[in-house]
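> Sending over work_28.cif (mmCIF, C-alpha atoms and all ligand atoms).
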data_start
loop_
_atom_site.label_atom_id
_atom_site.label_comp_id
_atom_site.auth_asym_id
_atom_site.auth_seq_id
_atom_site.Cartn_x
_atom_site.Cartn_y
_atom_site.Cartn_z
CA MET A 1 5.06 26.11 -1.76
CA LYS A 2 2.63 27.95 0.43
CA LYS A 3 2.09 28.61 4.07
CA ILE A 4 -1.31 28.11 5.59
CA LEU A 5 -2.42 29.64 8.82
CA MET A 6 -3.26 26.95 11.30
CA THR A 7 -6.93 26.76 12.12
CA ALA A 8 -8.06 26.76 15.74
CA ALA A 9 -9.21 23.15 15.32
CA ALA A 10 -5.80 22.14 13.98
CA ALA A 11 -4.02 23.88 16.84
CA ALA A 12 -6.28 22.16 19.37
CA ALA A 13 -5.73 18.76 17.78
CA ILE A 14 -1.97 19.27 17.79
CA SER A 15 -1.78 20.32 21.41
CA MET A 16 -4.00 17.35 22.29
CA LEU A 17 -1.66 14.96 20.45
CA ALA A 18 1.38 16.64 21.98
CA ALA A 19 -0.07 16.11 25.44
CA CYS A 20 -0.20 12.36 24.81
CA GLY A 21 3.62 12.25 24.74
CA THR A 22 4.54 11.39 21.18
CA LYS A 23 8.05 11.43 19.70
CA PRO A 24 10.01 14.73 19.61
CA THR A 25 9.28 17.22 16.87
CA GLU A 26 11.23 16.72 13.67
CA THR A 27 11.49 19.62 11.32
CA VAL A 28 10.96 18.90 7.66
CA GLU A 29 12.97 20.99 5.26
CA ASN A 30 10.73 22.32 2.54
CA ASN A 31 11.95 23.21 -0.89
CA ASN A 32 9.57 26.07 -1.59
CA ASP A 33 9.68 25.65 -5.38
CA LYS A 34 8.03 22.28 -5.17
CA ILE A 35 4.58 21.29 -4.00
CA GLN A 36 4.62 19.66 -0.59
CA VAL A 37 2.94 16.27 -0.58
CA TYR A 38 2.30 14.04 2.43
CA THR A 39 1.30 10.40 2.13
CA SER A 40 -0.05 7.97 4.71
CA PHE A 41 2.20 4.97 3.95
CA TYR A 42 4.60 3.55 1.40
CA ALA A 43 2.31 2.55 -1.52
CA MET A 44 0.80 6.04 -1.52
CA TYR A 45 4.30 7.55 -1.23
CA ASP A 46 5.52 5.61 -4.24
CA PHE A 47 2.46 6.46 -6.37
CA ALA A 48 2.83 10.14 -5.43
CA ARG A 49 6.48 10.24 -6.50
CA GLU A 50 5.61 8.41 -9.74
CA ILE A 51 3.13 11.19 -10.58
CA GLY A 52 4.88 14.14 -8.91
CA GLY A 53 8.37 13.50 -10.30
CA ASP A 54 10.62 16.54 -10.04
CA MET A 55 7.76 18.90 -9.22
CA ALA A 56 7.01 17.54 -5.76
CA ASP A 57 8.60 16.94 -2.40
CA VAL A 58 6.89 13.78 -1.21
CA HIS A 59 7.02 13.01 2.50
CA ASN A 60 5.89 9.66 3.86
CA LEU A 61 4.25 9.71 7.30
CA CYS A 62 4.60 6.01 8.19
CA PRO A 63 8.32 5.49 8.99
CA VAL A 64 10.50 3.24 6.82
CA GLY A 65 10.20 -0.40 7.79
CA SER A 66 7.05 0.11 9.90
CA GLU A 67 3.76 -1.69 9.42
CA PRO A 68 1.12 0.85 8.35
CA HIS A 69 -1.69 -1.04 10.14
CA ASP A 70 -0.24 -0.06 13.54
CA PHE A 71 0.79 3.48 12.58
CA GLU A 72 -0.55 6.71 14.15
CA PRO A 73 0.66 10.20 13.09
CA THR A 74 2.58 12.17 15.70
CA ALA A 75 1.94 15.77 16.76
CA SER A 76 4.78 16.90 14.50
CA ASP A 77 3.26 14.94 11.59
CA MET A 78 0.00 16.78 12.21
CA ALA A 79 1.76 20.14 12.29
CA ALA A 80 3.49 19.34 8.98
CA LEU A 81 0.22 18.19 7.41
CA THR A 82 -1.47 21.51 8.08
CA GLU A 83 1.20 23.14 5.86
CA ALA A 84 0.97 20.59 3.05
CA ASP A 85 -0.35 21.26 -0.44
CA LEU A 86 -1.60 17.71 -0.83
CA PHE A 87 -2.38 14.84 1.56
CA ILE A 88 -2.82 11.40 -0.01
CA TYR A 89 -4.17 8.28 1.71
CA ASN A 90 -5.59 4.95 0.56
CA GLY A 91 -8.86 4.80 2.50
CA MET A 92 -11.16 1.73 2.91
CA GLY A 93 -10.06 1.53 6.54
CA MET A 94 -6.38 1.00 5.71
CA GLU A 95 -5.51 4.05 7.83
CA HIS A 96 -7.83 4.11 10.86
CA TRP A 97 -6.60 7.59 11.83
CA THR A 98 -7.58 9.59 8.73
CA ASP A 99 -11.06 10.67 9.94
CA SER A 100 -9.57 12.85 12.66
CA VAL A 101 -6.86 14.18 10.31
CA ASN A 102 -9.43 15.04 7.66
CA GLU A 103 -11.52 16.80 10.29
CA THR A 104 -8.46 18.79 11.36
CA LEU A 105 -7.67 19.73 7.76
CA SER A 106 -11.25 20.56 6.76
CA GLY A 107 -11.56 24.24 5.97
CA SER A 108 -7.82 24.49 5.26
CA ASP A 109 -6.31 24.73 1.75
CA VAL A 110 -4.80 21.27 1.95
CA ILE A 111 -6.10 19.12 -0.91
CA ILE A 112 -7.01 15.68 0.36
CA VAL A 113 -6.98 12.64 -1.93
CA GLU A 114 -8.58 9.35 -0.93
CA ALA A 115 -6.81 7.29 -3.58
CA SER A 116 -9.22 4.33 -3.48
CA ALA A 117 -12.30 6.52 -4.02
CA ASN A 118 -12.72 5.52 -7.70
CA VAL A 119 -11.45 1.96 -7.48
CA GLU A 120 -14.05 -0.29 -9.10
CA ASN A 121 -12.60 -3.76 -9.11
CA ILE A 122 -12.90 -4.50 -5.40
CA ALA A 123 -12.67 -8.09 -4.13
CA GLU A 124 -15.81 -9.50 -2.54
CA ASN A 125 -14.01 -10.14 0.77
CA TYR A 126 -13.23 -6.95 2.66
CA ASP A 127 -9.62 -6.00 1.91
CA PRO A 128 -8.21 -2.47 1.72
CA HIS A 129 -5.05 -3.65 -0.14
CA VAL A 130 -6.65 -2.73 -3.46
CA TRP A 131 -3.39 -1.59 -5.11
CA LEU A 132 -2.24 -5.22 -5.43
CA ASP A 133 -4.57 -5.47 -8.44
CA PRO A 134 -2.75 -3.40 -11.12
CA GLU A 135 -6.05 -2.10 -12.54
CA ASN A 136 -6.87 -0.67 -9.11
CA ALA A 137 -3.36 0.74 -8.71
CA LEU A 138 -3.96 2.67 -11.92
CA ALA A 139 -7.29 4.00 -10.58
CA GLU A 140 -5.40 5.18 -7.49
CA MET A 141 -2.69 6.83 -9.62
CA GLU A 142 -5.44 8.60 -11.60
CA ALA A 143 -7.00 9.96 -8.39
CA ILE A 144 -3.54 11.06 -7.22
CA ALA A 145 -2.81 12.77 -10.57
CA ASP A 146 -6.14 14.64 -10.24
CA GLY A 147 -4.99 15.84 -6.82
CA PHE A 148 -1.67 17.05 -8.21
CA ILE A 149 -3.41 18.92 -11.02
CA GLN A 150 -5.79 20.56 -8.56
CA ALA A 151 -2.89 21.58 -6.29
CA ASP A 152 -0.61 22.73 -9.12
CA PRO A 153 -2.64 23.40 -12.29
CA GLU A 154 0.28 25.14 -14.02
CA ASN A 155 2.06 21.80 -14.33
CA SER A 156 -0.96 19.72 -15.32
CA ASP A 157 0.66 18.56 -18.60
CA TYR A 158 3.63 17.23 -16.66
CA TYR A 159 1.46 15.19 -14.27
CA THR A 160 -0.73 13.93 -17.12
CA ALA A 161 2.34 12.75 -19.06
CA ARG A 162 3.66 10.90 -16.01
CA LEU A 163 0.27 9.27 -15.45
CA ASP A 164 0.23 8.16 -19.11
CA ASP A 165 3.64 6.59 -18.63
CA CYS A 166 2.33 4.69 -15.58
CA ARG A 167 -0.72 3.58 -17.57
CA GLY A 168 1.55 1.92 -20.16
CA ARG A 169 3.58 0.15 -17.48
CA ILE A 170 0.42 -1.02 -15.67
CA GLU A 171 -0.90 -2.53 -18.92
CA GLN A 172 2.40 -4.39 -19.42
CA LEU A 173 2.40 -5.61 -15.81
CA ASP A 174 -1.18 -6.86 -16.10
CA ASN A 175 -0.35 -8.68 -19.35
CA ASP A 176 2.72 -10.28 -17.77
CA TYR A 177 0.61 -11.51 -14.84
CA LYS A 178 -2.08 -12.91 -17.15
CA THR A 179 0.51 -14.73 -19.27
CA ALA A 180 2.14 -16.27 -16.19
CA VAL A 181 -1.16 -17.26 -14.55
CA ALA A 182 -2.20 -19.08 -17.74
CA GLY A 183 0.70 -21.47 -17.08
CA PHE A 184 -0.02 -22.08 -13.38
CA THR A 185 -0.89 -25.63 -12.38
CA SER A 186 -2.09 -24.58 -8.92
CA HIS A 187 -4.00 -21.46 -7.83
CA ASN A 188 -3.88 -21.73 -4.04
CA ILE A 189 -1.64 -19.40 -2.07
CA ILE A 190 -1.03 -19.71 1.67
CA THR A 191 -0.07 -16.29 3.06
CA SER A 192 0.74 -14.89 6.47
CA HIS A 193 -1.06 -11.55 6.04
CA GLU A 194 -4.59 -11.66 4.54
CA ALA A 195 -3.69 -8.89 2.07
CA TYR A 196 -4.20 -10.53 -1.31
CA PHE A 197 -7.95 -10.77 -1.98
CA ASN A 198 -7.63 -8.10 -4.68
CA LEU A 199 -4.61 -9.75 -6.30
CA CYS A 200 -6.48 -13.08 -6.22
CA ASN A 201 -9.62 -11.44 -7.59
CA ALA A 202 -7.66 -10.07 -10.55
CA TYR A 203 -5.95 -13.32 -11.51
CA GLY A 204 -8.18 -16.14 -10.33
CA LEU A 205 -6.05 -17.17 -7.35
CA ILE A 206 -7.32 -18.40 -3.98
CA GLN A 207 -5.82 -17.12 -0.72
CA LEU A 208 -5.74 -18.95 2.59
CA ALA A 209 -4.25 -16.62 5.22
CA VAL A 210 -2.79 -17.34 8.62
CA ASN A 211 -3.18 -13.81 10.07
CA GLY A 212 -6.01 -11.36 9.42
CA VAL A 213 -6.47 -8.50 7.01
CA ASP A 214 -4.78 -6.02 9.38
CA ASN A 215 -2.02 -8.57 10.03
CA SER A 216 -2.63 -8.81 13.77
CA GLU A 217 -4.89 -11.62 14.92
CA ASP A 218 -3.32 -15.06 15.25
CA PRO A 219 -5.26 -18.13 14.11
CA THR A 220 -7.13 -20.37 16.54
CA PRO A 221 -5.83 -23.95 16.92
CA THR A 222 -8.80 -25.12 14.79
CA ARG A 223 -7.86 -22.70 12.03
CA MET A 224 -4.20 -23.79 12.24
CA ALA A 225 -5.28 -27.41 11.84
CA GLU A 226 -7.47 -26.48 8.85
CA ILE A 227 -4.60 -24.70 7.13
CA ILE A 228 -2.19 -27.60 7.71
CA GLU A 229 -4.83 -30.05 6.46
CA PHE A 230 -5.40 -27.91 3.35
CA ILE A 231 -1.66 -27.76 2.60
CA LYS A 232 -1.33 -31.54 2.86
CA ALA A 233 -4.51 -32.28 0.89
CA ASN A 234 -3.50 -29.94 -1.95
CA ASP A 235 0.17 -30.93 -2.05
CA ILE A 236 1.26 -27.31 -1.46
CA LYS A 237 5.04 -26.81 -1.29
CA TYR A 238 5.43 -23.12 -0.43
CA VAL A 239 4.05 -20.71 2.18
CA PHE A 240 4.28 -16.96 1.69
CA THR A 241 5.64 -14.63 4.33
CA GLU A 242 6.30 -10.89 3.90
CA PRO A 243 9.20 -8.47 4.33
CA LEU A 244 8.02 -6.40 7.30
CA SER A 245 6.88 -9.13 9.65
CA THR A 246 7.97 -12.70 10.03
CA SER A 247 5.20 -14.63 11.68
CA LYS A 248 6.41 -17.45 13.97
CA ILE A 249 3.15 -19.23 13.26
CA VAL A 250 3.88 -19.28 9.53
CA GLN A 251 7.28 -20.79 10.31
CA THR A 252 5.58 -23.43 12.48
CA ILE A 253 3.15 -24.28 9.69
CA ALA A 254 6.02 -24.54 7.19
CA ASP A 255 7.96 -26.81 9.59
CA ASP A 256 4.92 -29.03 10.22
CA THR A 257 4.16 -29.47 6.53
CA GLY A 258 7.67 -29.47 5.01
CA CYS A 259 6.84 -26.30 3.05
CA GLU A 260 9.46 -23.74 2.06
CA LEU A 261 8.98 -20.03 2.75
CA LEU A 262 8.73 -17.50 -0.07
CA THR A 263 8.24 -13.73 0.15
CA LEU A 264 5.12 -12.00 -1.15
CA ASP A 265 5.26 -8.26 -0.54
CA PRO A 266 2.00 -6.32 0.07
CA PHE A 267 3.93 -3.12 -0.71
CA GLU A 268 3.18 -1.44 2.58
CA GLY A 269 6.74 -0.37 3.32
CA SER A 270 10.15 -0.80 1.78
CA THR A 271 13.50 -0.61 3.51
CA GLU A 272 15.20 -0.69 0.10
CA ASP A 273 13.30 2.13 -1.62
CA LYS A 274 11.69 -0.23 -4.11
CA GLY A 275 8.95 0.95 -6.45
CA TYR A 276 5.55 -0.62 -7.15
CA PHE A 277 6.61 -2.21 -10.42
CA ASP A 278 9.79 -3.73 -8.89
CA VAL A 279 7.77 -5.31 -6.10
CA MET A 280 4.94 -6.54 -8.33
CA TYR A 281 7.46 -8.28 -10.63
CA GLU A 282 9.26 -9.81 -7.62
CA ASN A 283 5.88 -11.06 -6.40
CA LEU A 284 5.20 -12.54 -9.84
CA GLU A 285 8.50 -14.48 -9.73
CA ALA A 286 7.58 -15.83 -6.28
CA LEU A 287 4.11 -16.85 -7.51
CA LYS A 288 5.68 -18.63 -10.51
CA THR A 289 7.98 -20.57 -8.17
CA ALA A 290 5.02 -21.66 -6.07
CA LEU A 291 2.32 -22.26 -8.66
CA GLN A 292 3.83 -23.13 -12.04
ZN ZN B 301 -1.73 -4.86 5.22
#
Re-express the file's structure as C-alpha cells.


Amino acid sequence: MKKILMTAAAAAAISMLAACGTKPTETVENNNDKIQVYTSFYAMYDFAREIGGDMADVHNLCPVGSEPHDFEPTASDMAALTEADLFIYNGMGMEHWTDSVNETLSGSDVIIVEASANVENIAENYDPHVWLDPENALAEMEAIADGFIQADPENSDYYTARLDDCRGRIEQLDNDYKTAVAGFTSHNIITSHEAYFNLCNAYGLIQLAVNGVDNSEDPTPTRMAEIIEFIKANDIKYVFTEPLSTSKIVQTIADDTGCELLTLDPFEGSTEDKGYFDVMYENLEALKTALQ
C-alpha cells in the first residue's frame, strides 16, 4: 500500500542480520491495493486474515510447519517488515525476537500490534499461549482489529463487521466447551507441550506436561516417574501430543502406562491451512474422547 524509506537503524539491523548468514532473500509480491500485514506466527496470521479479509495481504513470518518457539526472522523478513503497514505479534515472551524488531521499526510508519496487550484472563502459571482460551482469543482479535482500523481507517466498518462475526463464533465456541466440560468425568490432561494453562484456566482442567512452556526442556527422571505415577493413580487412558513435534518421551510414557496418544493442537502452525475455530473444535473432540 505504501513505501516507507528505511531508517538508518533498520538498514544497520538488516546488514547485521545479513552478515550472520541467514537464508537467501525471498521477494514478496505486494498487491498495492491491499494493506500489507506481517504476523509473527500462525495464530496471529489466522486472526489477521479473519479480521483483514479481502482488504489485506497477510504474510506469516514463521514458516509453515515450523515451531514458533525456535523461530528467528531472517534479514529478508526484516527488510519486508520495514515496508509493512501492520506488524502483529502475540507478546508475553512468545516471540523472544520482537524487542529488536520493534526497536528497528520505532520511528517508522509501521503500526505494531501486541495482540495480548489487553488480554485479562491470564492463567496464574506463566504461559504465553493465551489464545487457547476463547475469551482471550477475542481480546487479541479486538487488538488486531484496532490495528487494522488505525492502518486503514477508510475501511473501518469492514474490519468492525468482521470482528463482530468473530465475536459471535467465539461465544458459540465458548458455550460448546462449557457444555462439553459439564459432562467430563475427569479433568486431568497429560500433554507434551506445557501450552494449555490458559485453556485449563478457562474450563477448570488440570494440565500435567512432559516438556516445558517453550516445548524444549525434557523432564528429569524424577519428573518422568511422577508423571507415570500420576497416570496410574488417576486411571488416565490418553496422553496428548501435538502436530508439529512428536516427543519420543511422550511415546515412552504412553508405552509404559498403556495410554493411547491423542492430538491437542496449540495452534502455533498448520500444514493444512486450518483456522482457529477448526482447531479448537478438533481439540474439543479430543478432550471429549479423553475426559468424558
Ligand atoms: Zn508453544

> In the coordinates of the file, take the point (4.9, -21.3, -10.0) and a cut-off of 10 Å; then, counting only C-alpha atoms, name each qualifying protein, DNA or RNA residue as JSON, numbers by chain.

{"A": [180, 181, 183, 184, 185, 186, 187, 238, 284, 285, 286, 287, 288, 289, 290, 291, 292]}

> When you draw a straight line from CA of Thr82 in chain A to CA of Val110 in chain A, how long is it in Å?

7.0 Å

> Set the cut-off to 10 Å, count only C-alpha atoms and all ligand atoms, and list whatever residues fall near ligand ZN 301 (chain B) as a ChimeraX atom specification.

/A:67-70,94,127-129,193-196,212-216,265-269

> By how many Å are CA of Ala117 in chain A and CA of Glu154 in chain A apart?

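Result for CA of Ala117 in chain A versus CA of Glu154 in chain A: 24.6 Å, one decimal.
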
> Just to confirm, what's the straight-line distance from CA of Thr39 in chain A to CA of Asn60 in chain A in Å (one decimal)?

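Those two atoms sit 5.0 Å apart.
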
> Any chance you could build range 201-212 of chain A out to all heavy atoms and write it as a compact mmCIF listing (two decimals), in the frame of the given file?


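Once everything was written out, this is part-v1.txt:
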# COMPACT_ATOMS: atom_id res chain seq x y z
N ASN A 201 -8.44 -11.80 -6.80
CA ASN A 201 -9.62 -11.44 -7.59
C ASN A 201 -9.24 -11.12 -9.03
O ASN A 201 -9.93 -11.50 -9.97
CB ASN A 201 -10.29 -10.23 -6.92
CG ASN A 201 -11.60 -9.85 -7.56
OD1 ASN A 201 -12.43 -10.70 -7.84
ND2 ASN A 201 -11.78 -8.56 -7.80
N ALA A 202 -8.09 -10.47 -9.20
CA ALA A 202 -7.66 -10.07 -10.55
C ALA A 202 -7.20 -11.27 -11.38
O ALA A 202 -7.38 -11.28 -12.60
CB ALA A 202 -6.53 -9.04 -10.44
N TYR A 203 -6.60 -12.26 -10.73
CA TYR A 203 -5.95 -13.32 -11.51
C TYR A 203 -6.44 -14.73 -11.19
O TYR A 203 -5.75 -15.71 -11.47
CB TYR A 203 -4.42 -13.21 -11.34
CG TYR A 203 -3.93 -11.85 -11.81
CD1 TYR A 203 -3.43 -10.91 -10.92
CD2 TYR A 203 -4.05 -11.50 -13.16
CE1 TYR A 203 -3.03 -9.65 -11.36
CE2 TYR A 203 -3.67 -10.24 -13.61
CZ TYR A 203 -3.15 -9.33 -12.71
OH TYR A 203 -2.79 -8.09 -13.16
N GLY A 204 -7.60 -14.83 -10.56
CA GLY A 204 -8.18 -16.14 -10.33
C GLY A 204 -7.40 -17.02 -9.36
O GLY A 204 -7.36 -18.24 -9.51
N LEU A 205 -6.77 -16.39 -8.37
CA LEU A 205 -6.05 -17.17 -7.35
C LEU A 205 -6.93 -17.28 -6.09
O LEU A 205 -7.89 -16.53 -5.94
CB LEU A 205 -4.72 -16.49 -7.01
CG LEU A 205 -3.78 -16.21 -8.19
CD1 LEU A 205 -2.51 -15.50 -7.71
CD2 LEU A 205 -3.41 -17.50 -8.92
N ILE A 206 -6.58 -18.22 -5.23
CA ILE A 206 -7.32 -18.40 -3.98
C ILE A 206 -6.35 -18.27 -2.81
O ILE A 206 -5.32 -18.93 -2.78
CB ILE A 206 -8.02 -19.78 -3.95
CG1 ILE A 206 -9.03 -19.88 -5.11
CG2 ILE A 206 -8.71 -20.03 -2.62
CD1 ILE A 206 -9.35 -21.30 -5.51
N GLN A 207 -6.69 -17.39 -1.86
CA GLN A 207 -5.82 -17.12 -0.72
C GLN A 207 -6.34 -17.81 0.53
O GLN A 207 -7.52 -17.73 0.84
CB GLN A 207 -5.78 -15.61 -0.49
CG GLN A 207 -5.21 -15.17 0.86
CD GLN A 207 -5.32 -13.66 1.05
OE1 GLN A 207 -4.33 -12.97 1.17
NE2 GLN A 207 -6.54 -13.15 1.09
N LEU A 208 -5.43 -18.46 1.25
CA LEU A 208 -5.74 -18.95 2.59
C LEU A 208 -4.72 -18.28 3.50
O LEU A 208 -3.52 -18.51 3.35
CB LEU A 208 -5.59 -20.47 2.61
CG LEU A 208 -6.31 -21.22 3.72
CD1 LEU A 208 -7.81 -21.07 3.60
CD2 LEU A 208 -5.94 -22.69 3.69
N ALA A 209 -5.19 -17.43 4.43
CA ALA A 209 -4.25 -16.62 5.22
C ALA A 209 -4.19 -17.06 6.67
O ALA A 209 -5.19 -17.51 7.24
CB ALA A 209 -4.64 -15.15 5.14
N VAL A 210 -3.02 -16.95 7.24
CA VAL A 210 -2.79 -17.34 8.62
C VAL A 210 -3.21 -16.22 9.56
O VAL A 210 -3.88 -16.44 10.56
CB VAL A 210 -1.28 -17.70 8.82
CG1 VAL A 210 -0.99 -18.01 10.27
CG2 VAL A 210 -0.90 -18.86 7.91
N ASN A 211 -2.79 -14.98 9.26
CA ASN A 211 -3.18 -13.81 10.07
C ASN A 211 -4.27 -13.04 9.33
O ASN A 211 -4.52 -13.29 8.15
CB ASN A 211 -1.97 -12.91 10.32
CG ASN A 211 -0.88 -13.64 11.09
OD1 ASN A 211 0.08 -14.07 10.50
ND2 ASN A 211 -1.05 -13.81 12.38
N GLY A 212 -4.88 -12.08 10.00
CA GLY A 212 -6.01 -11.36 9.42
C GLY A 212 -5.62 -10.27 8.46
O GLY A 212 -4.45 -10.08 8.14
